[in-house]
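Data block below; observations after.
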Amino acid sequence: MILPSHLSVGDGHLRIGEHDTVDLARQFGTPLYVTDEGRIRENFRRLAGALTAHYKKVRILYAAKANGNLAIFRTLASMGAGADVFSAGEVALALAAGMRPESLLFNGSSKTPADLALAVEKGIRVSVDSPDELRQLDAAAGKAGKTVDIAFRVNPAIDVPTHPKIATGLATSKFGIPAGEILDAYREALAAEHVNPVGVHCHIGSQILAVEPFAREVEVLIGVARDLLDIGVDLKFIDIGGGLGIPYRREIDRAPTPEEYAGAVMPVFLKGIRDLGIEPELWVEPGRWLVADSTVLLTRVNSVKTAHATFANVDAGFNLLVRPTMYDSYHEIVAADRADAPAVREYSVTGPICETGDILAKGRMLPDLSAGNLIAVLDAGAYGFAMSSQYNSRPRCAEVLLAGEKAALMRRAETIEDLTAPMVTPPWQE
């Protein structure tokens, strides 16, 4: 198995950064999410460097949905990141982390009146998803006596090689306004009193392992930008979204590097803006690429059972990592306390949830396992805890952050009391 550089094997145990995962599990319990802050910083520097080597006016907006822990926001804010936010909660996290309102973009296809009012109040730019939303936003800004900067989200009708549930630039997607109809939306915005169109936005999907779709997306946006200049829009930024994938199967996946991504996107972007005679900021919205490989999910074997297959039943299920169940996603599995032992038996690693689909990994060759062994699920930092639930009334697990030799909780484990705390008794049951 090929491990990323911040993971290693020492004394038979899987290590993350400078820490033994067995020691971390003993100290903090399992299940347990463990994140290496240094890896996030390394990923941010590499992606930012690849883009700014071509063009200095680049702004990185962290896709907040990937991992919503405040400590992660603080780490990225300290590197200069803004955020792509989808909710009032993500706005609150970004601002609490020290991100400036002008470095945020409020995205989404179904914003509530409260969402729009919050964006106006805080001075956050809005990616508008429909003419109906534009009119509501204009009214909200007028009521507050303010003007709000906006972009429209363009649907470029680009098919991409990824799971259909995370392909967001398809013609059939719920997101954005078709490129052929976008000019009418901008004309309406120019005529409105309380909105100021200053950007254009697009996002074609997630976990994309080819660079060509991103280059095509930029071609579409340059064409839209040309038309926008003709009708009098003063473009301050062009936002090409995120979506750069990672190699979940490192031995066989071929994932583009940030340098290859920049090498495909930046020449198209630079030629386009030079032909147009403009110098807008380029905004990108990475999430998975920044945080996915920074994190492992540690889970303890409860029991081993042989039936039609051999099952390693563990204490983490799709309540904590839903991607394998929801998307048939693959995550590498390591026997963390037997990391240098030979793989001799095929196991399906299954969770404690009362669903047949609660399988974290199917048919993996691992060392002999028994109750008490520790397993690490790799690349769990994006859409892991962020998509977790309390299904089966199971409290969610703790999250730990590592920084060099330091290790500390960045989220405590929930308790049974946390499950019942929001519940109230109807008067007739008292």
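Naming works like this for the structure tokens: A, B, ... for the chains as they're shown, residue 1 at the start of each chain, ligands 1 onward in shown order.
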Give me, as JSON lines, the closest atom pair and its distance (Å, one decimal) for every residue of segment 220-329 of chain A within a cut-off of 9 Å of segment 41-51 of chain A, counting only C-alpha atoms, rows sorted by chain and rising number.
```
{"residue": "A:Thr257", "atom": "CA", "partner": "A:Leu47", "partner_atom": "CA", "distance": 8.7}
{"residue": "A:Pro258", "atom": "CA", "partner": "A:Leu47", "partner_atom": "CA", "distance": 5.4}
{"residue": "A:Glu259", "atom": "CA", "partner": "A:Ala50", "partner_atom": "CA", "distance": 5.1}
{"residue": "A:Glu260", "atom": "CA", "partner": "A:Ala50", "partner_atom": "CA", "distance": 8.6}
{"residue": "A:Tyr261", "atom": "CA", "partner": "A:Ala50", "partner_atom": "CA", "distance": 8.3}
{"residue": "A:Ala262", "atom": "CA", "partner": "A:Leu51", "partner_atom": "CA", "distance": 5.5}
{"residue": "A:Gly263", "atom": "CA", "partner": "A:Ala50", "partner_atom": "CA", "distance": 8.4}
{"residue": "A:Met266", "atom": "CA", "partner": "A:Leu51", "partner_atom": "CA", "distance": 7.4}
{"residue": "A:Pro286", "atom": "CA", "partner": "A:Leu47", "partner_atom": "CA", "distance": 9.0}
{"residue": "A:Trp289", "atom": "CA", "partner": "A:Asn43", "partner_atom": "CA", "distance": 7.4}
{"residue": "A:Leu290", "atom": "CA", "partner": "A:Asn43", "partner_atom": "CA", "distance": 5.4}
{"residue": "A:Val291", "atom": "CA", "partner": "A:Asn43", "partner_atom": "CA", "distance": 7.9}
{"residue": "A:Ser294", "atom": "CA", "partner": "A:Asn43", "partner_atom": "CA", "distance": 8.9}
```
Practice prompt. Excluding Pro324 of chain A and any residue of its chain fewer than 2 positions from it, enumerate the residues within 12 Å of it, using only C-alpha atoms, and give them as a list in words.
Written response: Tyr248, Gly317, Phe318, Asn319, Leu320, Leu321, Val322, Met326, Tyr327, Asp328, Ser329, Tyr330, His331, Glu332, Val349, Thr350, Gly351, Gly357, Asp358, Ile359, Leu360, Ala361, Lys362, Val377, Ala380, Tyr383, Gly384 and Met387 of chain A
Keeping C-alpha atoms for every residue in the selection just given, could you write it to a file as a compact mmCIF listing (two decimals), in the first residue's frame?
```
# COMPACT_ATOMS: atom_id res chain seq x y z
CA TYR A 248 -8.31 7.27 -2.86
CA GLY A 317 -20.26 2.78 10.72
CA PHE A 318 -21.95 4.94 8.14
CA ASN A 319 -23.17 7.11 11.01
CA LEU A 320 -19.59 8.44 11.06
CA LEU A 321 -18.44 7.88 7.45
CA VAL A 322 -21.32 7.66 5.00
CA MET A 326 -23.87 6.71 -0.16
CA TYR A 327 -21.47 6.81 -3.11
CA ASP A 328 -19.92 3.32 -3.15
CA SER A 329 -16.72 5.18 -2.33
CA TYR A 330 -13.41 3.45 -1.69
CA HIS A 331 -11.22 4.19 1.32
CA GLU A 332 -7.96 2.40 2.03
CA VAL A 349 -15.10 -4.18 7.48
CA THR A 350 -18.62 -3.54 8.74
CA GLY A 351 -20.12 -1.11 11.21
CA GLY A 357 -25.32 -1.36 3.59
CA ASP A 358 -23.26 -0.44 6.65
CA ILE A 359 -19.99 -1.60 5.09
CA LEU A 360 -16.89 0.61 5.28
CA ALA A 361 -14.81 -1.69 3.07
CA LYS A 362 -15.65 -4.91 1.25
CA VAL A 377 -9.73 4.30 7.49
CA ALA A 380 -11.45 10.60 5.88
CA TYR A 383 -17.19 14.62 3.89
CA GLY A 384 -16.46 12.39 6.89
CA MET A 387 -21.80 14.19 6.86
```
Name all residues at most 9 Å from Phe237 of chain A (count only C-alpha atoms; drop same-chain ones fewer than 5 positions away) and give them as a JSON list (two decimals) with C-alpha atoms, in the first residue's frame.
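Printed below is part_34.json as written:
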```
[["chain", "number", "residue", "atom", "x", "y", "z"],
["A", 151, "ALA", "CA", -22.19, 36.89, -8.98],
["A", 198, "VAL", "CA", -19.17, 42.06, -9.92],
["A", 199, "GLY", "CA", -18.38, 38.40, -10.61],
["A", 200, "VAL", "CA", -19.29, 35.19, -12.34],
["A", 201, "HIS", "CA", -19.28, 31.78, -10.66],
["A", 279, "GLU", "CA", -7.44, 41.60, -14.76],
["A", 280, "PRO", "CA", -10.08, 40.09, -12.45],
["A", 281, "GLU", "CA", -9.23, 37.99, -9.43],
["A", 282, "LEU", "CA", -9.35, 34.25, -10.01],
["A", 283, "TRP", "CA", -11.27, 32.47, -7.25]]
```
Item to complete: Go through A:Ala189, A:Ala343, A:Val334, A:Val265 one by one, measure the shortest atom-to-atom distance of each to Ile150 of chain A using only C-alpha atoms, and give the residue with the smallest value.
Response: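 Looking only at the distances to Ile150 of chain A, the closest residue turns out to be A:Ala189.
Interatomic distance, atom CA of Glu102 of chain A to atom CA of Ser127 of chain A: 12.8 Å.
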Worksheet item: Using only C-alpha atoms, which of the listed residues (A:Val301, A:Ala386, A:Ala144, A:Ala336) sits closest to Ser370 of chain A?
Response: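 That would be A:Val301, the residue with the smallest distance to Ser370 of chain A.
Our summary of the geometry notes that atom CA of Pro178 of chain A is positioned 22.5 Å from atom CA of Gln207 of chain A.
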Practice prompt. Would you mind telling me which residue in A:Arg345, A:Arg288, A:Arg323, A:Arg396 lies nearest to Thr310 of chain A when using only C-alpha atoms?
Written response: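 Among the listed residues, A:Arg345 lies closest to Thr310 of chain A.
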